[in-house]
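What follows is the content of data_8.cif, which has mmCIF, C-alpha atoms:
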data_my_file
#
loop_
_atom_site.label_atom_id
_atom_site.label_comp_id
_atom_site.auth_asym_id
_atom_site.auth_seq_id
_atom_site.Cartn_x
_atom_site.Cartn_y
_atom_site.Cartn_z
CA MET A 1 3.94 24.09 -4.44
CA ASP A 2 5.61 20.70 -3.92
CA GLU A 3 5.47 19.02 -7.33
CA PHE A 4 5.33 15.58 -5.70
CA LEU A 5 2.24 16.25 -3.58
CA ILE A 6 -0.64 13.92 -4.44
CA ASP A 7 -3.72 15.47 -6.02
CA LYS A 8 -6.27 13.55 -3.94
CA ARG A 9 -9.16 14.34 -6.25
CA LEU A 10 -7.37 12.81 -9.22
CA ALA A 11 -6.13 9.87 -7.16
CA ARG A 12 -9.67 9.07 -6.05
CA LYS A 13 -10.89 9.31 -9.65
CA SER A 14 -8.09 7.04 -10.88
CA PHE A 15 -8.76 4.31 -8.30
CA SER A 16 -12.49 4.55 -8.85
CA ARG A 17 -11.98 3.82 -12.55
CA ALA A 18 -9.59 0.97 -11.76
CA ALA A 19 -11.93 -0.90 -9.38
CA ALA A 20 -13.05 -3.35 -12.07
CA SER A 21 -9.51 -4.16 -13.29
CA TYR A 22 -7.58 -3.93 -10.02
CA ASP A 23 -7.72 -7.56 -8.88
CA GLU A 24 -6.37 -8.93 -12.16
CA ALA A 25 -3.34 -6.62 -12.06
CA ALA A 26 -2.63 -6.65 -8.31
CA VAL A 27 -0.17 -9.56 -8.36
CA LEU A 28 2.44 -7.85 -6.20
CA GLN A 29 -0.11 -6.28 -3.85
CA ARG A 30 -1.59 -9.70 -3.06
CA GLU A 31 1.83 -11.25 -2.49
CA VAL A 32 2.82 -8.46 -0.11
CA ALA A 33 -0.46 -8.87 1.77
CA ARG A 34 0.32 -12.56 2.27
CA ARG A 35 3.72 -11.68 3.65
CA MET A 36 2.11 -9.22 6.01
CA LEU A 37 -0.14 -12.00 7.26
CA GLU A 38 2.93 -14.18 7.87
CA ARG A 39 4.33 -11.47 10.14
CA LEU A 40 1.28 -11.81 12.35
CA GLN A 41 1.99 -15.48 13.02
CA CYS A 42 4.61 -14.67 15.64
CA MET A 43 2.46 -12.08 17.45
CA LYS A 44 0.27 -13.26 20.31
CA PHE A 45 -2.43 -10.73 19.65
CA THR A 46 -6.16 -11.19 19.11
CA PRO A 47 -7.84 -7.91 18.11
CA ARG A 48 -11.60 -7.61 18.41
CA ARG A 49 -11.89 -4.84 15.81
CA ILE A 50 -9.55 -4.24 12.86
CA LEU A 51 -9.29 -1.28 10.50
CA ASP A 52 -8.15 -2.11 6.97
CA ALA A 53 -6.90 1.34 5.94
CA GLY A 54 -6.88 1.60 2.16
CA SER A 55 -8.83 -1.64 1.76
CA GLY A 56 -9.27 -1.57 -2.01
CA THR A 57 -11.38 -4.46 -3.28
CA GLY A 58 -11.22 -6.38 0.00
CA PHE A 59 -8.37 -8.87 -0.42
CA GLY A 60 -6.93 -7.86 2.96
CA ARG A 61 -10.16 -8.83 4.69
CA THR A 62 -10.09 -12.32 3.18
CA LEU A 63 -6.58 -12.85 4.56
CA LEU A 64 -7.33 -11.38 7.98
CA ARG A 65 -10.31 -13.72 8.26
CA GLN A 66 -7.89 -16.67 8.12
CA ARG A 67 -6.36 -15.59 11.43
CA TYR A 68 -9.06 -13.50 13.10
CA ARG A 69 -12.29 -15.32 12.30
CA HIS A 70 -14.44 -13.49 14.84
CA ALA A 71 -13.04 -9.96 14.56
CA ASP A 72 -15.09 -7.06 13.25
CA ILE A 73 -13.36 -5.48 10.25
CA ILE A 74 -13.75 -1.91 9.05
CA GLU A 75 -12.82 -1.49 5.41
CA LEU A 76 -11.87 2.09 4.63
CA ASP A 77 -11.05 3.45 1.19
CA PHE A 78 -11.42 6.84 -0.48
CA ALA A 79 -12.74 5.31 -3.73
CA LEU A 80 -16.36 4.18 -3.42
CA PRO A 81 -16.19 1.72 -6.35
CA MET A 82 -13.42 -0.14 -4.51
CA LEU A 83 -15.70 -0.58 -1.49
CA SER A 84 -18.53 -1.64 -3.78
CA ALA A 85 -16.29 -4.31 -5.31
CA SER A 86 -15.49 -5.62 -1.82
CA ALA A 87 -19.19 -5.77 -0.97
CA ARG A 88 -19.64 -8.23 -3.85
CA SER A 89 -17.61 -10.89 -2.03
CA PRO A 90 -18.81 -14.52 -2.41
CA LEU A 91 -22.07 -15.39 -0.67
CA LEU A 92 -20.37 -18.17 1.33
CA THR A 93 -17.83 -15.71 2.72
CA ARG A 94 -20.56 -13.36 3.88
CA TRP A 95 -22.59 -16.22 5.34
CA LEU A 96 -19.62 -17.50 7.37
CA GLU A 97 -18.93 -14.02 8.70
CA ARG A 98 -22.50 -13.69 9.91
CA LEU A 99 -22.42 -17.19 11.40
CA ARG A 100 -19.35 -16.30 13.45
CA GLY A 101 -20.84 -13.02 14.59
CA ALA A 102 -18.17 -11.05 12.74
CA GLN A 103 -19.26 -7.71 11.34
CA VAL A 104 -17.92 -5.94 8.24
CA TYR A 105 -18.26 -2.19 7.96
CA ARG A 106 -17.34 -0.18 4.87
CA VAL A 107 -16.42 3.46 5.24
CA ALA A 108 -15.46 5.98 2.57
CA GLY A 109 -12.69 8.18 3.90
CA ASP A 110 -9.11 9.37 3.72
CA VAL A 111 -6.46 7.70 5.90
CA GLU A 112 -5.01 11.14 6.62
CA ARG A 113 -8.31 12.14 8.29
CA LEU A 114 -9.89 9.00 9.67
CA PRO A 115 -13.66 9.29 10.28
CA LEU A 116 -13.42 7.08 13.37
CA ALA A 117 -13.64 7.68 17.12
CA ASP A 118 -10.65 7.79 19.43
CA SER A 119 -9.42 4.38 20.64
CA SER A 120 -12.02 2.58 18.52
CA VAL A 121 -9.92 -0.20 16.91
CA ALA A 122 -7.41 -2.70 18.28
CA MET A 123 -5.41 -3.11 15.08
CA ILE A 124 -4.74 -1.21 11.85
CA TRP A 125 -3.73 -3.13 8.73
CA SER A 126 -2.65 -1.05 5.73
CA ASN A 127 -1.30 -2.61 2.54
CA MET A 128 0.22 -0.33 -0.10
CA THR A 129 -1.56 2.87 0.90
CA PHE A 130 0.89 5.31 2.50
CA GLN A 131 2.47 6.27 -0.85
CA TRP A 132 -0.80 8.10 -1.55
CA CYS A 133 -0.51 10.22 1.61
CA ASN A 134 0.86 13.76 1.55
CA ASP A 135 1.63 14.03 5.28
CA LEU A 136 2.90 10.83 6.84
CA ASP A 137 3.19 12.34 10.32
CA ALA A 138 -0.45 13.42 10.20
CA THR A 139 -1.42 9.94 8.99
CA PHE A 140 0.41 8.23 11.84
CA LYS A 141 -1.06 10.65 14.39
CA GLU A 142 -4.55 9.79 13.14
CA MET A 143 -3.81 6.08 13.35
CA ARG A 144 -2.43 6.40 16.86
CA ARG A 145 -5.55 8.36 17.81
CA VAL A 146 -8.01 5.67 16.68
CA LEU A 147 -5.96 2.76 18.06
CA GLN A 148 -6.74 1.47 21.51
CA PRO A 149 -3.90 1.47 24.07
CA GLY A 150 -1.70 -1.51 23.27
CA GLY A 151 -3.03 -1.59 19.70
CA LEU A 152 -1.00 -2.68 16.67
CA LEU A 153 -0.23 -0.86 13.40
CA LEU A 154 0.97 -3.17 10.60
CA PHE A 155 1.63 -1.78 7.14
CA SER A 156 3.44 -1.97 3.82
CA THR A 157 4.26 0.78 1.35
CA PHE A 158 6.62 1.48 -1.53
CA GLY A 159 10.19 2.72 -1.04
CA PRO A 160 12.40 4.99 -3.20
CA ASP A 161 13.67 2.29 -5.60
CA THR A 162 10.14 1.62 -6.83
CA LEU A 163 9.89 2.02 -10.62
CA LYS A 164 13.46 3.30 -10.74
CA GLU A 165 13.81 2.13 -14.35
CA LEU A 166 10.72 4.06 -15.44
CA ARG A 167 11.87 7.13 -13.54
CA ALA A 168 15.30 6.98 -15.22
CA ALA A 169 13.77 6.48 -18.66
CA PHE A 170 11.51 9.51 -18.25
CA GLY A 171 14.48 11.47 -16.93
CA ALA A 172 16.34 10.76 -20.14
CA VAL A 173 13.36 12.04 -22.15
CA ASP A 174 12.20 15.28 -20.53
CA GLY A 175 13.17 15.41 -16.84
CA GLN A 176 9.61 16.18 -15.72
CA THR A 177 7.71 14.56 -12.84
CA HIS A 178 6.21 11.33 -14.17
CA VAL A 179 6.66 8.93 -11.22
CA ASN A 180 5.54 9.44 -7.63
CA ARG A 181 8.08 10.09 -4.89
CA PHE A 182 8.36 7.26 -2.36
CA ILE A 183 9.55 7.61 1.25
CA ASP A 184 12.69 5.90 2.56
CA MET A 185 12.33 3.18 5.20
CA HIS A 186 14.44 5.15 7.69
CA ASP A 187 12.23 8.24 7.36
CA ILE A 188 9.10 6.14 7.89
CA GLY A 189 10.58 4.64 11.06
CA ASP A 190 11.53 8.09 12.33
CA ALA A 191 7.97 9.32 11.67
CA LEU A 192 6.59 6.46 13.76
CA VAL A 193 8.81 7.50 16.66
CA ARG A 194 7.93 11.19 16.28
CA THR A 195 4.22 10.45 16.42
CA GLY A 196 4.41 8.40 19.61
CA PHE A 197 4.45 4.77 18.45
CA ALA A 198 6.44 2.27 20.50
CA THR A 199 8.97 -0.40 19.42
CA PRO A 200 8.75 0.18 15.66
CA VAL A 201 10.24 -2.53 13.45
CA MET A 202 11.03 -1.89 9.78
CA ASP A 203 12.24 -4.12 6.97
CA VAL A 204 12.43 -3.97 3.20
CA GLU A 205 12.29 -6.32 0.22
CA HIS A 206 12.96 -5.67 -3.46
CA PHE A 207 10.80 -7.35 -6.09
CA THR A 208 11.30 -7.30 -9.84
CA LEU A 209 8.36 -7.84 -12.16
CA THR A 210 9.24 -8.48 -15.78
CA TYR A 211 7.42 -7.48 -18.95
CA ALA A 212 7.69 -8.17 -22.65
CA ASP A 213 7.47 -4.48 -23.47
CA LEU A 214 6.91 -1.07 -21.92
CA LYS A 215 3.29 -0.98 -23.04
CA SER A 216 2.53 -4.01 -20.84
CA LEU A 217 3.99 -2.30 -17.78
CA MET A 218 2.04 0.88 -18.41
CA ARG A 219 -1.13 -1.17 -18.93
CA ASP A 220 -0.66 -2.82 -15.53
CA LEU A 221 -0.11 0.52 -13.81
CA LYS A 222 -3.29 1.85 -15.39
CA ALA A 223 -5.26 -1.24 -14.33
CA LEU A 224 -4.10 -0.67 -10.75
CA GLY A 225 -5.10 2.98 -10.81
CA ALA A 226 -1.45 3.92 -10.28
CA HIS A 227 -1.43 6.93 -12.57
CA ASN A 228 0.83 9.90 -12.08
CA VAL A 229 -1.40 12.11 -9.93
CA THR A 230 1.28 14.40 -8.54
CA ARG A 231 0.62 18.12 -8.71
CA GLY A 232 3.77 18.61 -10.80
CA ARG A 233 2.74 16.09 -13.46
CA PRO A 234 2.94 17.16 -17.11
CA ARG A 235 -0.41 18.17 -18.54
CA GLY A 236 -1.68 16.40 -21.62
CA LEU A 237 -0.94 13.03 -23.17
CA ILE A 238 2.49 11.76 -24.16
CA GLY A 239 3.08 12.42 -27.86
CA ARG A 240 4.24 9.78 -30.31
CA ALA A 241 7.79 11.13 -30.50
CA THR A 242 8.10 11.25 -26.69
CA TRP A 243 6.73 7.72 -26.39
CA GLN A 244 9.31 6.44 -28.88
CA LYS A 245 12.10 8.13 -26.91
CA LEU A 246 10.75 6.66 -23.69
CA GLN A 247 10.68 3.15 -25.15
CA THR A 248 14.24 3.55 -26.41
CA ALA A 249 15.44 4.76 -23.02
CA TYR A 250 13.71 1.89 -21.18
CA GLU A 251 15.17 -0.69 -23.58
CA THR A 252 18.60 -0.11 -22.02
CA PHE A 253 17.35 -2.06 -18.97
CA ARG A 254 16.27 -5.16 -20.94
CA GLU A 255 17.67 -8.42 -19.56
CA GLU A 256 17.13 -11.93 -20.92
CA ALA A 257 14.55 -10.66 -23.41
CA LEU A 258 12.42 -9.00 -20.69
CA LEU A 259 12.08 -5.50 -19.26
CA PRO A 260 12.40 -5.27 -15.46
CA ALA A 261 10.30 -3.09 -13.16
CA THR A 262 11.69 -2.80 -9.65
CA PHE A 263 9.44 -2.40 -6.61
CA GLU A 264 10.92 -1.66 -3.20
CA VAL A 265 8.46 -2.79 -0.55
CA VAL A 266 8.80 -1.39 2.96
CA TYR A 267 7.13 -3.27 5.82
CA GLY A 268 6.63 -1.90 9.29
CA HIS A 269 4.80 -2.48 12.53
CA ALA A 270 4.60 -0.58 15.79
CA TRP A 271 2.41 -0.42 18.89
CA LYS A 272 0.42 2.28 20.59
CA PRO A 273 1.74 2.36 24.18
CA GLU A 274 -0.50 1.02 26.92
CA HIS A 275 -0.06 4.27 28.85
CA ALA A 276 0.61 7.80 27.65
CA GLU A 277 3.68 8.16 29.84
CA ARG A 278 5.26 5.24 27.94
CA SER A 279 5.01 6.91 24.54
CA ALA A 280 8.00 6.53 22.25
CA SER A 281 10.70 9.13 22.79
CA SER A 282 12.90 10.76 20.19
CA ASP A 283 15.88 8.56 21.08
CA GLN A 284 14.02 5.25 20.77
CA ALA A 285 15.72 2.76 18.48
CA VAL A 286 14.04 1.63 15.28
CA ILE A 287 14.82 -1.97 14.36
CA ARG A 288 15.56 -2.31 10.65
CA LEU A 289 16.01 -5.51 8.65
CA ASP A 290 17.05 -6.05 5.03
CA PHE A 291 16.11 -8.96 2.76
CA PRO A 292 17.53 -9.99 -0.64
CA GLN A 293 15.86 -8.98 -3.88
CA ARG A 294 13.22 -11.26 -5.38
CA THR A 295 12.50 -11.57 -9.05
CA ARG A 296 8.99 -12.50 -10.16
CA PRO A 297 7.92 -12.70 -13.81
CA ARG A 298 4.68 -10.94 -14.57
CA PRO A 299 2.17 -13.52 -15.84
CA ASN A 300 1.65 -13.37 -19.60
CA ALA A 301 4.51 -10.92 -19.97
#
Just give me the structure of the file as structure tokens.
Amino acid sequence: MDEFLIDKRLARKSFSRAAASYDEAAVLQREVARRMLERLQCMKFTPRRILDAGSGTGFGRTLLRQRYRHADIIELDFALPMLSASARSPLLTRWLERLRGAQVYRVAGDVERLPLADSSVAMIWSNMTFQWCNDLDATFKEMRRVLQPGGLLLFSTFGPDTLKELRAAFGAVDGQTHVNRFIDMHDIGDALVRTGFATPVMDVEHFTLTYADLKSLMRDLKALGAHNVTRGRPRGLIGRATWQKLQTAYETFREEALLPATFEVVYGHAWKPEHAERSASSDQAVIRLDFPQRTRPRPNA
């Protein structure tokens, strides 16, 4: 058994519980979504139907509406309460969508097994979802299947440096699996090529959120539904002695009176070839870009 495999049942339960608190805590997720939208500005592409894979509470749809006012959007998430939260969008937003003839569909499902027909969407948008997938190749194959020829896949996910301070602190305490494993940008790009996507482009940014104490960080992770749901996770709650050791270990990272939490964000986009014979080959180049680290204080830290 791979100790880092995601227990999907527990992940679904965790995100279902977090639906009510997610928006307040999702500071980084919203910022990354805005940066994804910026990447679309230089693409002359007008999709008629968009899949928001891992849609959460619907923030992605509100951004996509700024650029694609008339597109139908399919929101897909494996946690029903997240979809229910999205359905409670402001009345004016829903009225404008109907006025423009734009449809919104909400589907409960797993991005690793999309419940959609072949070649049924022109674009897939996925913000911070792939870290909850156990088989990235299978996920990309599914996305290529449902994309129309010439369709676009645009995504973000977390890279290996994410929560490196928390991982190191737990390592100093017991060495067990407490933090998810995150996939390297290069491996994600290679998976895109293996699964037949064309002209993949990858880049990465590092963000640092800061907190007054470790409890505040853990509270944010809980509000996001980002619990440790790996199969190798320790069973039971952290005891008082272990918690004190963890706090002591994390304190070694304190800078300027605040505790940092690093998040490595990987961005990528690629296209489904117009024709099968033009599918990406194993020797296709993956364009990779690197950006400097950004530090952002967590509000009320």
Take the PyMOL selection byres ((chain A and resi 96-107) around 12), run it mentally on this structure, and tell me the resulting residues as an MDAnalysis selection string.
chainID A and resid 48:58 61:62 64:66 68:87 89:95 108:111 114:116
If I take atom CA of Ser14 of chain A and atom CA of Gly225 of chain A, how far is one from the other in Å, to one decimal?
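Here the two named atoms are 5.0 Å from each other.
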Selected residue, from A:Leu28, A:Met128, A:Leu166, A:Met123, that lies nearest to Gln148 of chain A when counting only C-alpha atoms:
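Using only C-alpha atoms, Gln148 of chain A sits closest to A:Met123.
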Separation of atom CA of Leu221 of chain A from atom CA of Asp7 of chain A in Å
17.2 Å
Separation of atom CA of Phe130 of chain A from atom CA of Tyr267 of chain A in Å:
11.1 Å
